[in-house]
Amino acid sequence: MSDGSVVDAQNPNIEIVRGQPFEVGPRYSNLKFIGEGAYGMVVSANDNQTNSRVAIKKISPFEHQTYCQRTLREIKILTRFRHENIINIQDIIRAPTIDQMKDVYIVQCLMETDLHKLLKTQTISNEHVCYFLYQILRGLKYIHSANVLHRDLKPSNLLLNTNCDLKICDFGLARIADPEHDHTGFLTEYVATRWYRAPEIMLNSKGYNKSIDVWSVGCILAEMLNNKPLFPGKHYLDQLNHILNIIGSPSEEDLNCIQNERARGYLINLPKKPKIPFDRIFPNADPHALDLLDKMLTFNPNKRITVEEALSHPYLRQYYDPEDEPICECPFTIEFENDELPKEELKRLIFNETLKQQEYVDSLFDGVVNNQRSDLAKAITLIETNSLKKKNLSEKLLNNVLSRLKDKKMNHENPCLRVGITGPPGAGKSSLIETFGKYLTSTIGARLAVLTVDPSSTATGGSILGDKVRMPELSRDPKAYIRSSPNKCNLGGVTRTTLETILLCEAANFDVVLVETVGVGQAEHAVVNMVDCMLLLIPPGSGDELQGLKKGVVELADIVAVTKYDKDLMQEARRVKSEYLSATKFIRKKSKHWAPHVILTSSRQNTGIDELWNLLCQFKKTMLDNDEFYEKRQSQVKLWFWTHLKENLLEILLSKNYVREKIEKLESEVIAGNMTPGQANDILINEFNSRISKN
């Protein structure tokens, strides 16, 4: 039977793999069979949006309550999890209505193989055993921190790629172990493939905890050491006998932890069996590995090693780094479970849960492009959030935005004009923005977004400046949208989300986006690298004290507007205009086709407002006609890519305790004159590289 797909003759969005239709086009195509389970098939596919291969699991669970439970459980858990060693959900596809929903397609990253397949074909080295075990435990630490028991850890549920990256998958049997509730009589008996089940599952039925997963990991470790299962029981009692034949009969103390009297009596009546030392079973294994194995395969779950203790075991010392072993920010509670619900209700919950991932983003995006201000506010808040839970939604939303902007460009639609506006205190930015904004919305009929990129109080993180209180009329204008973006301790005021907010405003069909900066203590250089045109406001009466500003900021300006050209300041404003006209002649041009212009404006008299708009239109046309408009934007996003990369790398560096401690010492040495800043930097980077290479 072919592993490839055939496109359905009547519907090109359907491809058929081994008789199973996959309705996942047009985004996903070129499907190839990977595997098949009890209630679903897995294929690989081209993601035509990201130009990468992905895995798609087709699930048809709605005829059976158990399958519905497992599907809902896996979707709810994996859409909330975000960890390098846990498989992610990139996309969920299903019919648009609950009545039409027969199947659910879960899109995940593609991994080349799993540990079960690997162990069937080759013996792995101690180094690989150690690295795989560390990744399993690292992922399990995150799972347990979320109050989740996996309950089905086995080699086939551990996915691998050619880089030896490992990801835990298949959370269909997972359950919540909420520490605030007593789970006695609640947890079900049927868990884990028999060979990897902890003894307490078979003996206590419903009285178990996180230690069952540690037992399963111990069984996996033993299998990696010997390429075959350690306890291959044929049935319930045979499984128990396999375990006792190796780890020996439980002590009287261990027997007392068994709540089920019949099970305890059965064990008491069995012949006493001695423990077989693991070095006899695995004569070539690392002694540290066997010591850890012994602690994992302990009969009494109360004495069994925890995940955190296992990670710090000497066997894993080369990888152990508690700072790089994250835990879940938002643990699950018992309300998560839906055991007794009928399959019709479970189907509704699955529909609603996938709605949160798929339709919520689409609905929000539709609101943005259809000028719904509340949806735009929600969308901006979503991309500004630091919550890992919402990061996936944010990425989906931005993908929709980028796709729309590409379509607008291909269709040669008139692009939004991004204008940065800056100036010293007293230049009258707020007044000019309000006057100019009302002119755009009322006279021109344009839609305007104003991003007041204020700095933030280093004490509270709140915005130092107001926004709508400074522009009361514009804030009530239905064609205008004002949004402040305070950023704690960031006097530049410009971050990654500022640019992403601009993109959202462009997708929302705004004709002009004004990005306001404070002008003092502000990073105009950052703003100029995310706007098309830079507008510098200069108040009259700004004489020699602005020489520094001339050198640093005037060279960034495409248009200089001398403000407050009214009443007693008209003569002084003309003098300042003349001064800046002379200054701009000696400044190196940013563009081959545009030289900076200097104009006079008055917000009070509405003077120069129409001239300012005409200049902006002239600037935009010049840049578009000479192919500079999009070239500039391309160079800007490239620069921001490198900016974000540097910030992220610095964050990774500073997340290490030893780096922070070293920095304190090196700073003291630099201040004392014992070494240069460059020498101190080399020492720090060399130590970081040394530790990375050891890992």
# chains A, B, ... in the order shown; residues from 1 in each chain; ligands from 1
>>> residues_around(residues="segment 193-195 of chain A", least_positions_apart="5", cutoff="10 Å", atoms="only C-alpha atoms", output="NGL selection string")
:A and (151-154 or 202 or 216 or 219-220 or 229-236 or 239-240 or 242-243)
>>> write_last_selection(atoms="C-alpha atoms", output="short mmCIF file (atom, residue, chain, number, x, y, z; two decimals), in the first residue's frame")
data_model
loop_
_atom_site.label_atom_id
_atom_site.label_comp_id
_atom_site.auth_asym_id
_atom_site.auth_seq_id
_atom_site.Cartn_x
_atom_site.Cartn_y
_atom_site.Cartn_z
CA ARG A 151 0.20 8.04 32.96
CA ASP A 152 1.37 6.58 29.64
CA LEU A 153 5.09 7.19 29.38
CA LYS A 154 6.71 4.59 27.12
CA MET A 202 -2.14 -2.80 39.90
CA SER A 216 7.66 4.46 33.89
CA CYS A 219 11.42 1.21 32.91
CA ILE A 220 12.38 3.32 29.89
CA PRO A 229 11.74 -4.21 28.12
CA LEU A 230 12.67 -5.01 31.72
CA PHE A 231 9.19 -6.20 32.80
CA PRO A 232 7.44 -7.75 29.73
CA GLY A 233 4.41 -9.17 31.55
CA LYS A 234 1.80 -11.06 29.54
CA HIS A 235 -1.07 -10.17 31.87
CA TYR A 236 -1.83 -8.47 35.19
CA GLN A 239 3.47 -8.29 35.16
CA LEU A 240 3.55 -8.15 38.95
CA HIS A 242 8.15 -9.90 36.59
CA ILE A 243 8.58 -6.85 38.83
#
>>> select_by_dssp(residues="segment 163-267 of chain A", states="strand (DSSP E)", output="ChimeraX atom specification")
/A:166-168,175-176
>>> closest_residue(among="A:Ala595, A:Ile609, A:Met623, A:Ile587", to="Thr435 of chain A", atoms="only C-alpha atoms")
A:Ile609
>>> closest_residue(among="A:Leu166, A:Ile692, A:Val637, A:Leu31", to="Tyr320 of chain A", atoms="only C-alpha atoms")
A:Ile692
>>> select_by_dssp(residues="segment 245-440 of chain A", states="helix (DSSP H, G or I)", output="PyMOL selection string")
chain A and resi 245-247+252-255+261-268+278-281+287-296+307-311+314-316+322-324+334-336+343-357+359-369+373-384+388-410+429-440
>>> residues_around(residues="Asp294 of chain A", least_positions_apart="6", cutoff="10 Å", atoms="only C-alpha atoms", output="JSON, numbers by chain")
{"A": [218, 222, 247, 277, 278, 288, 304, 305]}
>>> write_last_selection(atoms="N, CA and C atoms", output="compact mmCIF listing (two decimals), in the first residue's frame")
# COMPACT_ATOMS: atom_id res chain seq x y z
N GLY A 218 11.80 4.95 34.81
CA GLY A 218 12.78 3.93 35.19
C GLY A 218 12.75 2.74 34.25
N ALA A 222 15.82 1.46 31.81
CA ALA A 222 16.29 0.07 31.73
C ALA A 222 16.26 -0.44 30.29
N ILE A 247 13.05 -6.80 41.52
CA ILE A 247 13.30 -5.86 42.63
C ILE A 247 13.10 -6.52 43.99
N PRO A 277 20.65 -7.62 41.92
CA PRO A 277 21.41 -6.37 41.69
C PRO A 277 21.38 -6.00 40.21
N PHE A 278 21.19 -4.72 39.95
CA PHE A 278 21.09 -4.28 38.56
C PHE A 278 22.40 -4.46 37.80
N HIS A 288 26.50 4.99 37.85
CA HIS A 288 25.59 6.08 38.24
C HIS A 288 24.21 5.86 37.63
N ARG A 304 10.20 6.40 46.45
CA ARG A 304 10.71 6.54 45.08
C ARG A 304 11.23 7.96 44.86
N ILE A 305 12.28 8.08 44.10
CA ILE A 305 12.89 9.37 43.83
C ILE A 305 11.92 10.26 43.05
>>> atom_distance(atom1="atom CA of Leu221 of chain A", atom2="atom CA of Lys272 of chain A")
26.4 Å
>>> closest_residue(among="A:Arg476, A:Lys646, A:Lys58, A:Arg404", to="Lys438 of chain A", atoms="only C-alpha atoms")
A:Arg476
>>> residues_around(residues="segment 501-510 of chain A", least_positions_apart="3", cutoff="9 Å", atoms="only C-alpha atoms", output="PyMOL selection string")
chain A and resi 365+367-372+376+379-380+383-384+398+401-402+404-405+408+415-418+446-449+451+479-480+496-498+513+515+530
>>> residues_around(residues="Lys167 of chain A", least_positions_apart="3", cutoff="6 Å", atoms="only C-alpha atoms", output="list in words")
Asn85, Ile86, Ile87, Leu158 and Leu159 of chain A
>>> atom_distance(atom1="atom CA of Phe299 of chain A", atom2="atom CA of Arg317 of chain A")
25.4 Å
>>> residues_around(residues="Phe62 of chain A", least_positions_apart="4", cutoff="9 Å", atoms="only C-alpha atoms", output="JSON, numbers by chain")
{"A": [67, 68, 101, 102, 103, 343, 344, 346, 347]}
>>> atom_distance(atom1="atom CA of Lys76 of chain A", atom2="atom CA of Thr385 of chain A")
20.3 Å
>>> residues_around(residues="Tyr565 of chain A", least_positions_apart="5", cutoff="8 Å", atoms="only C-alpha atoms", output="PyMOL selection string")
chain A and resi 540+570+573+600-602+607
>>> write_last_selection(atoms="C-alpha atoms", output="PDB file, in the first residue's frame")
ATOM      1  CA  PRO A 540      10.507  78.915  18.214  1.00  0.00           C
ATOM      2  CA  MET A 570       5.873  84.473  14.198  1.00  0.00           C
ATOM      3  CA  ALA A 573       9.523  81.007  14.087  1.00  0.00           C
ATOM      4  CA  LEU A 600       5.957  76.633   9.606  1.00  0.00           C
ATOM      5  CA  THR A 601       2.928  75.335  11.534  1.00  0.00           C
ATOM      6  CA  SER A 602       0.454  76.555  14.117  1.00  0.00           C
ATOM      7  CA  THR A 607      -1.429  77.154   9.768  1.00  0.00           C
TER       8      THR A 607
END
>>> closest_residue(among="A:Arg633, A:Ile56, A:Ala672, A:Thr50", to="Phe33 of chain A", atoms="only C-alpha atoms")
A:Ile56
>>> closest_residue(among="A:Thr66, A:Ile246, A:His525, A:Glu84", to="Leu639 of chain A", atoms="only C-alpha atoms")
A:His525
